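Next comes target-v9.txt, with compact mmCIF, C-alpha atoms.
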# COMPACT_ATOMS: atom_id res chain seq x y z
CA MET A 1 34.86 154.92 -62.33
CA LYS A 2 33.65 156.62 -65.53
CA MET A 3 34.42 153.52 -67.57
CA PHE A 4 31.24 152.02 -66.09
CA SER A 5 29.13 155.17 -66.31
CA GLU A 6 26.73 156.67 -68.78
CA GLY A 7 27.50 156.29 -72.43
CA GLY A 8 29.68 153.26 -71.86
CA VAL A 9 29.41 149.73 -70.55
CA THR A 10 27.71 149.49 -67.17
CA ARG A 11 29.32 147.56 -64.35
CA ARG A 12 26.56 144.94 -64.50
CA GLN A 13 27.07 144.51 -68.27
CA PHE A 14 30.84 144.22 -67.79
CA ILE A 15 30.40 141.46 -65.20
CA SER A 16 27.94 139.68 -67.51
CA ILE A 17 30.52 139.78 -70.33
CA LEU A 18 33.20 138.27 -68.09
CA ALA A 19 30.81 135.58 -66.92
CA ALA A 20 30.21 134.56 -70.53
CA VAL A 21 33.92 133.98 -71.23
CA PRO A 22 34.70 130.22 -71.12
CA GLY A 23 36.79 129.24 -68.12
CA LEU A 24 36.22 132.47 -66.16
CA SER A 25 32.75 131.74 -64.78
CA ASN A 26 33.60 128.14 -63.90
CA PRO A 27 37.30 127.89 -62.98
CA PRO A 28 38.71 124.34 -62.88
CA ALA A 29 38.64 122.48 -59.59
CA ARG A 30 42.02 122.78 -57.89
CA LEU A 31 44.01 119.56 -57.83
CA LEU A 32 46.40 119.15 -54.89
CA VAL A 33 49.66 117.26 -55.39
CA PRO A 34 51.59 116.17 -52.26
CA VAL A 35 55.24 117.21 -52.54
CA HIS A 36 57.71 116.31 -49.80
CA ARG A 37 60.79 118.56 -49.96
CA VAL A 38 64.11 117.18 -48.75
CA MET A 39 67.33 119.17 -48.61
CA ASP A 40 70.33 116.88 -49.01
CA SER A 41 72.36 117.50 -45.85
CA ARG A 42 75.49 116.28 -47.64
CA ALA A 43 75.17 118.73 -50.51
CA GLN A 44 77.58 121.64 -50.38
CA CYS A 45 75.32 124.14 -52.11
CA THR A 46 76.46 127.75 -52.15
CA PRO A 47 74.32 130.48 -50.55
CA ASN A 48 73.68 131.89 -54.04
CA GLU A 49 72.39 128.52 -55.30
CA LEU A 50 70.04 128.16 -52.34
CA HIS A 51 68.82 131.73 -52.67
CA HIS A 52 68.26 131.32 -56.41
CA PHE A 53 66.12 128.24 -55.84
CA TRP A 54 64.03 129.43 -52.90
CA SER A 55 63.49 132.99 -54.12
CA GLY A 56 63.18 132.31 -57.84
CA ILE A 57 62.81 128.77 -59.15
CA TRP A 58 60.45 127.36 -56.50
CA PRO A 59 58.03 130.34 -56.28
CA GLU A 60 57.86 130.42 -60.08
CA ALA A 61 57.01 126.71 -60.17
CA VAL A 62 54.24 127.20 -57.61
CA ARG A 63 52.80 130.09 -59.64
CA ASN A 64 52.91 128.18 -62.91
CA PHE A 65 51.14 125.14 -61.51
CA SER A 66 48.62 127.32 -59.69
CA ARG A 67 47.68 129.07 -62.93
CA GLY A 68 46.87 125.63 -64.35
CA GLY A 69 44.62 124.70 -61.42
CA ILE A 70 47.23 122.58 -59.62
CA GLY A 71 48.33 123.21 -56.04
CA LEU A 72 51.56 121.85 -54.55
CA GLN A 73 50.78 120.63 -51.04
CA THR A 74 54.21 120.69 -49.43
CA SER A 75 55.86 119.15 -46.41
CA ASP A 76 59.51 119.31 -45.40
CA GLY A 77 61.88 116.94 -43.68
CA PRO A 78 65.56 116.11 -43.20
CA GLY A 79 67.39 113.70 -45.46
CA GLU A 80 70.49 113.06 -47.47
CA VAL A 81 71.81 111.45 -50.64
CA ARG A 82 74.58 108.96 -49.93
CA ARG A 83 76.73 107.27 -52.53
CA SER A 84 77.27 103.53 -52.75
CA PRO A 85 80.62 102.14 -54.03
CA GLY A 86 79.07 101.96 -57.51
CA ASP A 87 77.81 105.57 -57.13
CA LYS A 88 74.23 104.39 -56.90
CA PRO A 89 72.35 106.98 -54.83
CA ILE A 90 71.06 105.96 -51.41
CA PHE A 91 68.31 108.25 -50.13
CA THR A 92 67.16 108.89 -46.58
CA GLY A 93 64.18 110.97 -45.52
CA LEU A 94 61.82 110.00 -48.35
CA ARG A 95 58.07 109.53 -47.89
CA ARG A 96 55.52 107.20 -49.42
CA GLY A 97 52.44 108.69 -51.03
CA ALA A 98 54.16 111.90 -52.12
CA VAL A 99 56.48 113.19 -54.80
CA ASN A 100 59.82 113.55 -53.04
CA LEU A 101 61.54 116.72 -54.26
CA VAL A 102 65.16 116.17 -53.24
CA LEU A 103 67.51 119.15 -53.51
CA THR A 104 71.20 118.45 -53.95
CA ARG A 105 74.12 120.03 -55.83
CA HIS A 106 75.01 117.34 -58.39
CA ILE A 107 73.11 114.39 -59.83
CA PRO A 108 75.01 111.17 -58.93
CA MET A 109 77.23 109.96 -61.77
CA LYS A 110 75.27 106.69 -61.98
CA TRP A 111 72.25 108.68 -63.17
CA ASP A 112 74.00 111.66 -64.75
CA ASN A 113 76.54 109.90 -67.00
CA GLY A 114 78.62 113.09 -67.12
CA ARG A 115 75.86 115.19 -68.72
CA ALA A 116 75.59 117.84 -65.96
CA LEU A 117 71.86 117.27 -65.70
CA ALA A 118 69.72 119.76 -63.79
CA GLY A 119 67.24 117.11 -62.69
CA VAL A 120 66.12 113.49 -62.81
CA THR A 121 62.70 112.02 -61.98
CA THR A 122 62.19 108.34 -61.32
CA ILE A 123 60.76 105.69 -59.01
CA HIS A 124 63.56 104.49 -56.74
CA ASP A 125 62.97 101.59 -54.35
CA GLY A 126 59.26 102.32 -54.55
CA TYR A 127 59.64 106.04 -53.76
CA HIS A 128 58.75 108.70 -56.31
CA VAL A 129 61.75 111.03 -56.54
CA CYS A 130 62.45 114.30 -58.32
CA LEU A 131 66.14 114.98 -57.78
CA LEU A 132 67.26 118.54 -58.59
CA ALA A 133 70.88 119.68 -58.96
CA LEU A 134 70.80 123.26 -57.69
CA ARG A 135 74.06 124.09 -59.45
CA TYR A 136 72.35 123.70 -62.84
CA ALA A 137 68.67 124.32 -62.02
CA HIS A 138 67.02 127.42 -63.50
CA GLY A 139 63.71 129.16 -63.98
CA ASP A 140 61.77 129.76 -67.18
CA GLN A 141 64.10 131.03 -69.91
CA VAL A 142 63.05 130.08 -73.45
CA PRO A 143 59.56 128.74 -74.35
CA PHE A 144 59.56 125.08 -75.48
CA LEU A 145 63.34 124.84 -74.99
CA SER A 146 64.44 125.93 -71.51
CA VAL A 147 61.71 125.91 -68.88
CA ASN A 148 61.64 125.93 -65.10
CA THR A 149 63.63 122.87 -63.91
CA CYS A 150 61.28 122.18 -61.00
CA VAL A 151 58.19 122.31 -63.24
CA HIS A 152 59.91 120.12 -65.84
CA GLU A 153 60.79 117.37 -63.37
CA LEU A 154 57.44 117.39 -61.56
CA LEU A 155 55.71 117.06 -64.92
CA HIS A 156 57.65 113.86 -65.61
CA ALA A 157 55.80 112.46 -62.60
CA LEU A 158 52.38 114.02 -63.19
CA LEU A 159 52.37 113.00 -66.86
CA GLN A 160 53.28 109.46 -65.75
CA ASP A 161 56.63 109.15 -67.53
CA VAL A 162 57.98 107.54 -64.36
CA PHE A 163 55.95 104.41 -65.06
CA VAL A 164 57.78 103.77 -68.34
CA SER A 165 60.89 101.78 -67.47
CA ARG A 166 63.91 101.86 -69.74
CA PRO A 167 62.48 103.97 -72.58
CA ARG A 168 64.19 103.69 -75.94
CA TRP A 169 66.39 106.59 -77.07
CA TYR A 170 63.75 108.01 -79.40
CA GLN A 171 61.13 107.80 -76.65
CA THR A 172 63.38 109.74 -74.29
CA GLY A 173 63.79 112.62 -76.74
CA GLY A 174 60.09 112.70 -77.45
CA ARG A 175 59.22 112.77 -73.77
CA GLU A 176 61.52 115.74 -73.15
CA LEU A 177 59.91 117.72 -75.98
CA ARG A 178 56.46 116.81 -74.69
CA ILE A 179 57.30 117.89 -71.14
CA ASP A 180 58.67 121.25 -72.30
CA TRP A 181 55.55 121.77 -74.42
CA TYR A 182 53.24 121.30 -71.42
CA ALA A 183 55.52 123.35 -69.15
CA THR A 184 55.38 126.21 -71.65
CA GLY A 185 51.59 125.99 -71.74
CA LEU A 186 51.50 126.41 -67.96
CA TRP A 187 54.03 129.23 -68.03
CA LEU A 188 52.56 131.37 -70.80
CA PHE A 189 48.88 130.44 -70.93
CA GLY A 190 47.95 128.75 -67.63
CA ASP A 191 46.87 125.73 -69.66
CA GLY A 192 46.70 122.82 -67.23
CA ALA A 193 43.66 120.80 -68.35
CA ALA A 194 45.58 117.86 -69.84
CA ILE A 195 48.06 117.90 -66.96
CA ARG A 196 45.27 117.73 -64.37
CA ASN A 197 43.65 114.79 -66.15
CA SER A 198 46.91 112.86 -66.17
CA ALA A 199 47.80 113.94 -62.63
CA GLN A 200 44.53 112.54 -61.28
CA ALA A 201 45.44 109.12 -62.66
CA TYR A 202 49.00 109.51 -61.38
CA LEU A 203 47.84 110.34 -57.85
CA ARG A 204 45.64 107.25 -57.75
CA ARG A 205 48.69 105.13 -58.52
CA LEU A 206 50.89 107.12 -56.13
CA ARG A 207 48.60 106.42 -53.18
Rendering of file as structure tokens:
Amino acid sequence: MKMFSEGGVTRRQFISILAAVPGLSNPPARLLVPVHRVMDSRAQCTPNELHHFWSGIWPEAVRNFSRGGIGLQTSDGPGEVRRSPGDKPIFTGLRRGAVNLVLTRHIPMKWDNGRALAGVTTIHDGYHVCLLALRYAHGDQVPFLSVNTCVHELLHALLQDVFVSRPRWYQTGGRELRIDWYATGLWLFGDGAAIRNSAQAYLRRLR
């Protein structure tokens, strides 16, 4: 432990320096977000897709949010995504008062429009739903351009995009850039201050 011994900085001085750094002495209060996870029993996900999500994408999302002072308070339950004749999704197993993270293999065509989307977040029949297509979901890849799919979709809820119905085309593009900006801030810098502020307002409306 010579780095704290004579001729250098003492341990007490080192601790005093750390205490003076903004954000280290007074870490932000942890905000808990209720997330209800539902695995679509009708989805024919491959073992590799399931492994990739549970061992990579999900733990990374938890770490990223945690670094920003946000905890994901999870529960799990059975459910499925059925298809109506018009391919409108019909969900079972959803819960009120939580963000429902539904894991399936493909986004229904009614919502996907042939774009092979990795995720969609919306309010459906009063339920808050993040629907992830495990075939296309991925972890953090490129800052500001390709971020963790789970983080991206949950941010659409926490930043209250779900309350804007039928956004115009230019609003949609702007929202996606904004979400990836905040997701990158969590990923690289643990910057969650603005997200927590918005999430507090979101949770009041969710409950």
Counting all atoms listed in the file, which residues of stretch 71-154 of chain A fall within 9 Å of stretch 183-206 of chain A, and what is the closest atom pair for each with its distance in Å at one decimal, ordered by chain and rising number, as JSON lines?
{"residue": "A:Arg96", "atom": "CA", "partner": "A:Leu206", "partner_atom": "CA", "distance": 8.2}
{"residue": "A:Gly97", "atom": "CA", "partner": "A:Leu206", "partner_atom": "CA", "distance": 5.6}
{"residue": "A:Ala98", "atom": "CA", "partner": "A:Leu206", "partner_atom": "CA", "distance": 7.0}
{"residue": "A:Val99", "atom": "CA", "partner": "A:Leu206", "partner_atom": "CA", "distance": 8.4}
{"residue": "A:His128", "atom": "CA", "partner": "A:Leu206", "partner_atom": "CA", "distance": 8.0}
{"residue": "A:Asp140", "atom": "CA", "partner": "A:Trp187", "partner_atom": "CA", "distance": 7.8}
{"residue": "A:Val142", "atom": "CA", "partner": "A:Thr184", "partner_atom": "CA", "distance": 8.8}
{"residue": "A:Pro143", "atom": "CA", "partner": "A:Thr184", "partner_atom": "CA", "distance": 5.6}
{"residue": "A:Phe144", "atom": "CA", "partner": "A:Thr184", "partner_atom": "CA", "distance": 5.8}
{"residue": "A:Leu145", "atom": "CA", "partner": "A:Thr184", "partner_atom": "CA", "distance": 8.7}
{"residue": "A:Val147", "atom": "CA", "partner": "A:Ala183", "partner_atom": "CA", "distance": 6.7}
{"residue": "A:Asn148", "atom": "CA", "partner": "A:Ala183", "partner_atom": "CA", "distance": 7.8}
{"residue": "A:Val151", "atom": "CA", "partner": "A:Ala183", "partner_atom": "CA", "distance": 6.6}
{"residue": "A:His152", "atom": "CA", "partner": "A:Ala183", "partner_atom": "CA", "distance": 6.4}
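Minimum atom-to-atom distance to A:Val35, evaluated using only C-alpha atoms, belongs to A:Asn100 out of A:Thr121, A:Asn100, A:Ser84, A:Ser66.
You will find atom CA of A:Ala29 at 8.6 Å from atom CA of A:Ile70.
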request  = Enter the distance from atom CA of A:His36 to atom CA of A:Gly174, in Å, rounded to one decimal.
outcome  =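 Separating atom CA of A:His36 from atom CA of A:Gly174 is a distance of 28.0 Å.
The two atoms in question, atom CA of A:Leu103 and atom CA of A:Val120, are spaced 11.0 Å apart.
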message = Counting all atoms listed in the file, which residue out of A:Arg178, A:Arg105, A:Arg63, A:Arg95 sits closest to A:Gln44?
response =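 Result for the nearest residue to A:Gln44: A:Arg105.
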remark   = Restricting to only C-alpha atoms, whichever of A:Gly56, A:Ala61, A:Ile90, A:Arg67 is closest to A:Leu155 is A:Ala61
query = Using all atoms listed in the file, which residues sit within 12 Å of A:Thr104 once same-chain residues fewer than 2 positions away are excluded, as number ranges by chain?
reply = A: 37-46, 49-50, 53, 79-82, 89, 91, 101-102, 106-108, 117-120, 130-137
request  = Point out the residue among A:Lys110, A:Glu60, A:Val129, A:Gly69 with the least atom-to-atom distance to A:Leu94, counting all atoms listed in the file.
outcome  =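 Closest residue, counting all atoms listed in the file: A:Val129.
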As JSON, what would the box around stretch 132-144 of chain A look like: edges along x, y and z, 8 Å added on every side, centre and edge lengths in Å to one decimal?
{"center_x": 66.8, "center_y": 124.8, "center_z": -66.6, "size_x": 30.5, "size_y": 28.5, "size_z": 33.8}
